[in-house]
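Below: the structure, in structure tokens.
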Amino acid sequence: MSCAYQKRLDYISNYVRGELPHDERETFEAHYLGCDECFNAVRFVQKTSLTMRRYGAGIFAPAKAFASARQTVSPANWLDQVKMWCNDFVRSTQWKTAIPAFAAYVLVAAIVSGGYYWLKSSFSDQPDLPHHERSGEMIAESSPQFAFDLQPLDWAMPAATADTALFNRLANIQPIYQAQNYRLAADRLASVVQEFPQSFEAHLFLGISQLHLDQPAEAIENLKNVLQLQPEHAPAQWYLAQGFLSQRRFDEARQQLTALVKQRDSHYAPLAVACLKKLNK
Amino acid sequence: MISQNFIGDTNAARPSDAWIASRREAVKFYLWKNWNLCGDDLDEVLQETMVAALRSFSNFKGLAEPGTYLIGIAKNVVQSYFRRRDRHERRRAPLEFAESLGVVFRDETEAAELAKLLKEKFSKLPKKYVQVLKLIYYQDYREKDAAIELGIPVDKLYSLKSDALKRLRKLCKKDPRFKP
């Protein structure tokens, strides 16, 4: 016995997959209804096709995964049914594509959030930097970033025995300085310094005001004058060090801070130690 | 009484009642596959078809293929069944796996056993064959897309598919656990 379709499993496969033209399909159906061999072949292809579609995840998976999947085929009770549902879900194609998608999502989220916190922490380390320090040209250098401590220094009036005119001039500037109007204070202190070059208070507060006004070069000159007048003046050393730091003159800043540490000033020595630590990092 | 050897030979004599009864499974499969019938609908139409085939058997002269005779009867029965049920066309939705139970498979256990068998047989097939079968039957690729995916010409893919099915069938037939 022989027939035209018996060994044409690809043709039968096309029939099973519904890919045959209408007239060919009808002819073939009429044939297999009368031909045992062809009907068996059709049933074989249909069975394997359905089985591969249904159990493909297990069939095409490594042997171990399939063995565990197969055990859940015939659930005996509701617990087995739940287990089978879970296994089907884990083995399903959607889940297999969902795992890499979820991993990619987590990775991207981690990178974005990590970048965000890194940027946030980098900027929060330098809140008091002068504007030009925050600009790209200065940050581009490989040296560490510093938080400058430019807290306003308490106003110190000269002793009552000093020049009355100087005392009155400084007394007029005091509220302006304390109101943190550093520009006006610096203008007035500059005229006081010209008139009274020996007043270290005028030099000191002029220097501090200039530091606040982003004029580190002028501030350094005035603070150096203070140290000439009073060589171990702790606030002057501290602000001078800040001036050097803002100009990235790290060696000179380090010298001033070391000198300050040696003085063991109760307020400035710890600040200097912390600042030195940052510098050494 | 005529033996079943006439099958495929249109010049042979008329089929017997017993032969018509033996085609029950094939008719059932045809109704399921071609008319998307399942469940009670399928049982009812199948029963009517077999009864009609046996009743009108005396009119069959054996000039056409017996399959054509059966198909003609099945078509008439299905269409009159649809008319009675006020349905004018076959169901469009594709058949689900569950609907193949009782027609293609006896039950889900048989399908699971076949899956186990196929798993074993695939380990004996060349990797290329398994890849082709996986793409076409599991991932539902069309031949053209599967050929692109594998980076081979479409003709080559057709021959691989055909060879793979033949090898698989041969392997399954040799296995005593395989139930056709």
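Each chain in the structure tokens gets a letter, A, B, ..., in the order shown, and its residues are numbered from 1; ligands are numbered from 1 in order too.
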Output as CSV one row per residue of chain B within 6 Å of chain A: the closest atom pair and its distance in Å to one decimal place, counting only C-alpha atoms, sorted by chain and residue number ascending.
residue,atom,partner,partner_atom,distance
B:Ile7,CA,A:Cys35,CA,5.9
B:Ala26,CA,A:Leu33,CA,5.5
B:Pro66,CA,A:Gly34,CA,5.8
B:Gly67,CA,A:Ala30,CA,4.4
B:Thr68,CA,A:Ala30,CA,4.6
B:Ala115,CA,A:Thr51,CA,5.9
B:Lys119,CA,A:Ile59,CA,5.0
B:Tyr137,CA,A:Ser49,CA,5.6
B:Tyr138,CA,A:Arg53,CA,4.6
B:Ser162,CA,A:Asp10,CA,4.9
_Show me, as number ranges by chain, the residues that have an atom within 12 Å of stretch 76-86 of chain B when counting only C-alpha atoms, minus same-chain residues fewer than 6 positions from it._
B: 27-28, 30-32, 34-37, 41-53, 69-70
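For the residues B:Glu149, B:Lys121, B:Ile136, B:Glu143, ranking by smallest atom-to-atom distance to B:Asp175 using only C-alpha atoms places B:Lys121 first.
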**Prompt:** Near B:Ala146, within 10 Å and counting only C-alpha atoms, which residues show up once chain neighbours fewer than 6 positions away are dropped, as a ChimeraX atom specification?
**Reply:** /B:131-136,139-140,152-154,157
